[in-house]
Amino acid sequence: MKQYKKCVAAVDIGGTNIVVGIVDGEGKVCGRLCAPTRSFATPDALVGGIADMTSRLAADTGLAPAACGVGAPCLNACTGCIENATDLPWHGVIPLREMLEKGLEVPVVAVNDANAAAAGEGLAGAARGLADYIVLTLGTGVGAGIVADGHLLRGSRGFAGELGHVRVYDGEGRPCSCGRPDCLQTYASSHGVVETALRLLGASPDTPSALRDTPADRLTARHIGFAAADGDPVALETWRLTGERIGASCAAFAAAFDPDLIVLFGGVAAAFPFMEKSINDSFLRHALFLNAGHIRFCRSALSDADAPIIGAAAMALDTLDA
């Protein structure tokens, strides 16, 4: 099989799915495969699954990757280890980069998943050409990739951007998987959105809502998005409240990082049209006067699968140019 210098594997490890792609030197995703995260019972099974998917993609595309980029939550970019991730099924410290280099037999670049999404958005998405922006990832968990003065902020261990664990203003005391209450994640993640809807349903039993037709343990943010599109009052109020929390939190983020743009990425961001007004209104109420009216919000211009894949690939491609 021909070895293309400008071809890499890219892996996105999320709380719900694992996505593996083959990406060429132009940033084109030539093929991708996906598997449920919890289908891999152990880290060894995870690495074996990634190696298998990479091999299948190489056979399908005729492209053999010369390196691999991987993004995952709570990933220490210095050591290449996932450290005590709260939204993944494997606990403790996992030497992911070392394990993948043995399993794939190519160099591996390991980054935080939100940083990978930010790199992808800057390369081929809504933040293309910008030097200062934040990508807020809203999925099973909440994270962020922060680009300032054209540089991706990683921090001393690669953990910069854990904005999902910044506590929200005037919260309800919701417990977070990190052990503290009222993190933004408890309101703006897919689970947090469902919790908001369930609380509204319980507080207004006489309000008609199609959401009542779905058992509580099967209700998803996706259901709530579909209901909002149909004008469901509880669904619309759920997204309004979610937008308020996001907007207020982003006012604090803006004061710290002074971005031009805040991009919402992930499954929850699909409901951006239902949150846009409340995000902007809440941001303006809480923002420092220097930031009010300056910062724009938008939804990711890339598909949920493409942004972290392209970002992880871009970092791996950089190693081939070094």
# chains A, B, ... in the order shown; residues from 1 in each chain; ligands from 1
call {"tool": "residues_around", "arguments": {"residues": "range 55-60 of chain A", "least_positions_apart": "4", "cutoff": "7 Å", "atoms": "only C-alpha atoms", "output": "JSON, numbers by chain"}}
result
{"A": [22, 31, 32, 51, 64]}
call {"tool": "write_last_selection", "arguments": {"atoms": "C-alpha atoms", "output": "PDB file, in the first residue's frame"}}
result
ATOM      1  CA  ILE A  22      -8.394   9.255   7.547  1.00  0.00           C
ATOM      2  CA  GLY A  31     -13.276   8.240   5.327  1.00  0.00           C
ATOM      3  CA  ARG A  32     -14.594   7.782   8.848  1.00  0.00           C
ATOM      4  CA  ALA A  51      -6.439   0.128  15.417  1.00  0.00           C
ATOM      5  CA  ALA A  64      -1.884   4.499   4.854  1.00  0.00           C
TER       6      ALA A  64
END
call {"tool": "residues_around", "arguments": {"residues": "range 187-200 of chain A", "least_positions_apart": "3", "cutoff": "10 Å", "atoms": "only C-alpha atoms", "output": "PDB file with C-alpha atoms, in the first residue's frame"}}
result
ATOM      1  CA  THR A 137     -18.150  22.194  22.999  1.00  0.00           C
ATOM      2  CA  LEU A 138     -21.636  21.206  24.168  1.00  0.00           C
ATOM      3  CA  GLY A 139     -22.175  17.449  24.203  1.00  0.00           C
ATOM      4  CA  THR A 140     -22.066  14.698  26.818  1.00  0.00           C
ATOM      5  CA  GLY A 141     -19.851  17.140  28.709  1.00  0.00           C
ATOM      6  CA  VAL A 142     -18.900  20.784  28.178  1.00  0.00           C
ATOM      7  CA  GLY A 143     -15.418  21.962  27.319  1.00  0.00           C
ATOM      8  CA  GLY A 164     -17.517  23.450  31.470  1.00  0.00           C
ATOM      9  CA  VAL A 168     -22.610  29.299  36.794  1.00  0.00           C
ATOM     10  CA  GLY A 171     -27.314  28.082  40.092  1.00  0.00           C
ATOM     11  CA  GLU A 172     -29.796  25.547  41.423  1.00  0.00           C
ATOM     12  CA  ARG A 174     -27.044  20.686  40.494  1.00  0.00           C
ATOM     13  CA  CYS A 176     -21.600  17.708  38.615  1.00  0.00           C
ATOM     14  CA  ASP A 182     -23.445  24.072  39.500  1.00  0.00           C
ATOM     15  CA  CYS A 183     -20.752  23.704  36.852  1.00  0.00           C
ATOM     16  CA  LEU A 184     -21.859  25.013  33.460  1.00  0.00           C
ATOM     17  CA  ALA A 203     -43.056  22.391  37.956  1.00  0.00           C
ATOM     18  CA  SER A 204     -45.850  22.970  35.413  1.00  0.00           C
ATOM     19  CA  PRO A 205     -47.933  19.780  35.253  1.00  0.00           C
ATOM     20  CA  THR A 207     -48.750  22.918  30.654  1.00  0.00           C
ATOM     21  CA  LEU A 211     -42.238  15.846  25.938  1.00  0.00           C
ATOM     22  CA  ARG A 212     -44.570  14.170  28.419  1.00  0.00           C
ATOM     23  CA  ALA A 216     -38.002  10.500  31.531  1.00  0.00           C
ATOM     24  CA  ASP A 217     -35.186   7.941  31.239  1.00  0.00           C
ATOM     25  CA  ARG A 218     -35.412   8.056  27.431  1.00  0.00           C
ATOM     26  CA  LEU A 219     -35.737  11.802  26.934  1.00  0.00           C
ATOM     27  CA  THR A 220     -32.791  13.371  25.059  1.00  0.00           C
ATOM     28  CA  ALA A 221     -31.692  16.843  24.013  1.00  0.00           C
ATOM     29  CA  ARG A 222     -32.473  15.756  20.464  1.00  0.00           C
ATOM     30  CA  HIS A 223     -36.118  15.099  21.438  1.00  0.00           C
ATOM     31  CA  ILE A 224     -36.270  18.536  23.023  1.00  0.00           C
ATOM     32  CA  VAL A 234     -41.738  23.478  27.548  1.00  0.00           C
ATOM     33  CA  ALA A 235     -39.074  22.706  24.962  1.00  0.00           C
ATOM     34  CA  LEU A 236     -38.794  26.361  23.973  1.00  0.00           C
ATOM     35  CA  GLU A 237     -38.487  27.423  27.606  1.00  0.00           C
ATOM     36  CA  THR A 238     -35.825  24.731  28.150  1.00  0.00           C
ATOM     37  CA  TRP A 239     -33.689  26.211  25.391  1.00  0.00           C
ATOM     38  CA  LEU A 241     -33.043  28.908  30.054  1.00  0.00           C
ATOM     39  CA  THR A 242     -30.087  26.983  28.634  1.00  0.00           C
ATOM     40  CA  GLY A 243     -29.176  29.990  26.507  1.00  0.00           C
ATOM     41  CA  GLU A 244     -29.328  32.254  29.551  1.00  0.00           C
ATOM     42  CA  ARG A 245     -26.808  30.085  31.402  1.00  0.00           C
ATOM     43  CA  ILE A 246     -24.501  29.941  28.391  1.00  0.00           C
ATOM     44  CA  GLY A 266     -21.611  19.693  19.506  1.00  0.00           C
ATOM     45  CA  GLY A 267     -25.012  18.074  19.695  1.00  0.00           C
ATOM     46  CA  VAL A 268     -26.581  20.714  21.963  1.00  0.00           C
ATOM     47  CA  ALA A 269     -25.436  23.433  19.542  1.00  0.00           C
TER      48      ALA A 269
END
call {"tool": "atom_distance", "arguments": {"atom1": "CA of Gly14 in chain A", "atom2": "CA of Arg154 in chain A"}}
result
18.8 Å
call {"tool": "select_by_dssp", "arguments": {"residues": "range 64-303 of chain A", "states": "strand (DSSP E)", "output": "NGL selection string"}}
result
:A and (68-72 or 75-76 or 81-83 or 93-94 or 108-112 or 133-138 or 142-148 or 151-152 or 261-265 or 296-299)
call {"tool": "closest_residue", "arguments": {"among": "A:Ala117, A:Ala252, A:Ala287, A:Cys178", "to": "Ala85 in chain A", "atoms": "only C-alpha atoms"}}
result
A:Cys178
call {"tool": "residues_around", "arguments": {"residues": "Ala144 in chain A", "least_positions_apart": "4", "cutoff": "6 Å", "atoms": "only C-alpha atoms", "output": "PDB file with N, CA, C and O atoms, in the first residue's frame"}}
result
ATOM      1  N   ALA A 114     -11.551  19.293  23.057  1.00  0.00           N
ATOM      2  CA  ALA A 114     -12.054  20.626  22.725  1.00  0.00           C
ATOM      3  C   ALA A 114     -10.987  21.438  21.988  1.00  0.00           C
ATOM      4  O   ALA A 114     -11.309  22.242  21.100  1.00  0.00           O
ATOM      5  N   VAL A 135     -14.079  28.061  21.076  1.00  0.00           N
ATOM      6  CA  VAL A 135     -15.029  27.038  20.647  1.00  0.00           C
ATOM      7  C   VAL A 135     -15.540  26.346  21.906  1.00  0.00           C
ATOM      8  O   VAL A 135     -14.769  25.715  22.634  1.00  0.00           O
ATOM      9  N   LEU A 136     -16.828  26.514  22.171  1.00  0.00           N
ATOM     10  CA  LEU A 136     -17.461  25.918  23.343  1.00  0.00           C
ATOM     11  C   LEU A 136     -18.127  24.617  22.906  1.00  0.00           C
ATOM     12  O   LEU A 136     -19.042  24.625  22.076  1.00  0.00           O
ATOM     13  N   THR A 137     -17.653  23.497  23.426  1.00  0.00           N
ATOM     14  CA  THR A 137     -18.150  22.194  22.999  1.00  0.00           C
ATOM     15  C   THR A 137     -19.263  21.748  23.946  1.00  0.00           C
ATOM     16  O   THR A 137     -19.047  21.601  25.150  1.00  0.00           O
ATOM     17  N   GLY A 161      -8.889  25.533  29.310  1.00  0.00           N
ATOM     18  CA  GLY A 161     -10.155  25.504  28.585  1.00  0.00           C
ATOM     19  C   GLY A 161     -11.231  24.638  29.207  1.00  0.00           C
ATOM     20  O   GLY A 161     -12.252  24.383  28.574  1.00  0.00           O
ATOM     21  N   LEU A 163     -13.794  25.064  30.620  1.00  0.00           N
ATOM     22  CA  LEU A 163     -14.814  26.048  30.975  1.00  0.00           C
ATOM     23  C   LEU A 163     -16.136  25.402  31.381  1.00  0.00           C
ATOM     24  O   LEU A 163     -16.971  26.056  32.000  1.00  0.00           O
TER      25      LEU A 163
END
call {"tool": "closest_residue", "arguments": {"among": "A:Phe272, A:Phe257, A:Val23, A:Cys78", "to": "Asp149 in chain A", "atoms": "only C-alpha atoms"}}
result
A:Phe257
call {"tool": "residues_around", "arguments": {"residues": "Ser300 in chain A", "least_positions_apart": "6", "cutoff": "6 Å", "atoms": "only C-alpha atoms", "output": "list in words"}}
result
Val263, Leu264 and Phe265 of chain A
call {"tool": "write_last_selection", "arguments": {"atoms": "N, CA and C atoms", "output": "mmCIF file, in the first residue's frame"}}
result
data_model
loop_
_atom_site.group_PDB
_atom_site.id
_atom_site.type_symbol
_atom_site.label_atom_id
_atom_site.label_comp_id
_atom_site.auth_asym_id
_atom_site.auth_seq_id
_atom_site.Cartn_x
_atom_site.Cartn_y
_atom_site.Cartn_z
ATOM 1 N N VAL A 263 -17.848 30.186 19.265
ATOM 2 C CA VAL A 263 -18.491 29.185 18.414
ATOM 3 C C VAL A 263 -19.057 28.082 19.298
ATOM 4 N N LEU A 264 -20.330 27.753 19.103
ATOM 5 C CA LEU A 264 -20.944 26.640 19.828
ATOM 6 C C LEU A 264 -20.871 25.398 18.960
ATOM 7 N N PHE A 265 -20.329 24.343 19.521
ATOM 8 C CA PHE A 265 -20.080 23.111 18.777
ATOM 9 C C PHE A 265 -20.659 21.927 19.555
#
call {"tool": "closest_residue", "arguments": {"among": "A:Ala127, A:Leu88, A:Cys68, A:Ala254", "to": "Leu100 in chain A", "atoms": "only C-alpha atoms"}}
result
A:Cys68
call {"tool": "residues_around", "arguments": {"residues": "Arg128 in chain A", "least_positions_apart": "5", "cutoff": "12 Å", "atoms": "only C-alpha atoms", "output": "ChimeraX atom specification"}}
result
/A:118-123,133,147,150,260-261,263,300-302
call {"tool": "select_by_dssp", "arguments": {"residues": "range 28-215 of chain A", "states": "alpha helix (DSSP H)", "output": "MDAnalysis selection string"}}
result
chainID A and resid 43:61 96:104 113:124 185:188 190:203
call {"tool": "closest_residue", "arguments": {"among": "A:Ala41, A:Ala67, A:Glu83, A:Gly62", "to": "Lys6 in chain A", "atoms": "only C-alpha atoms"}}
result
A:Ala67
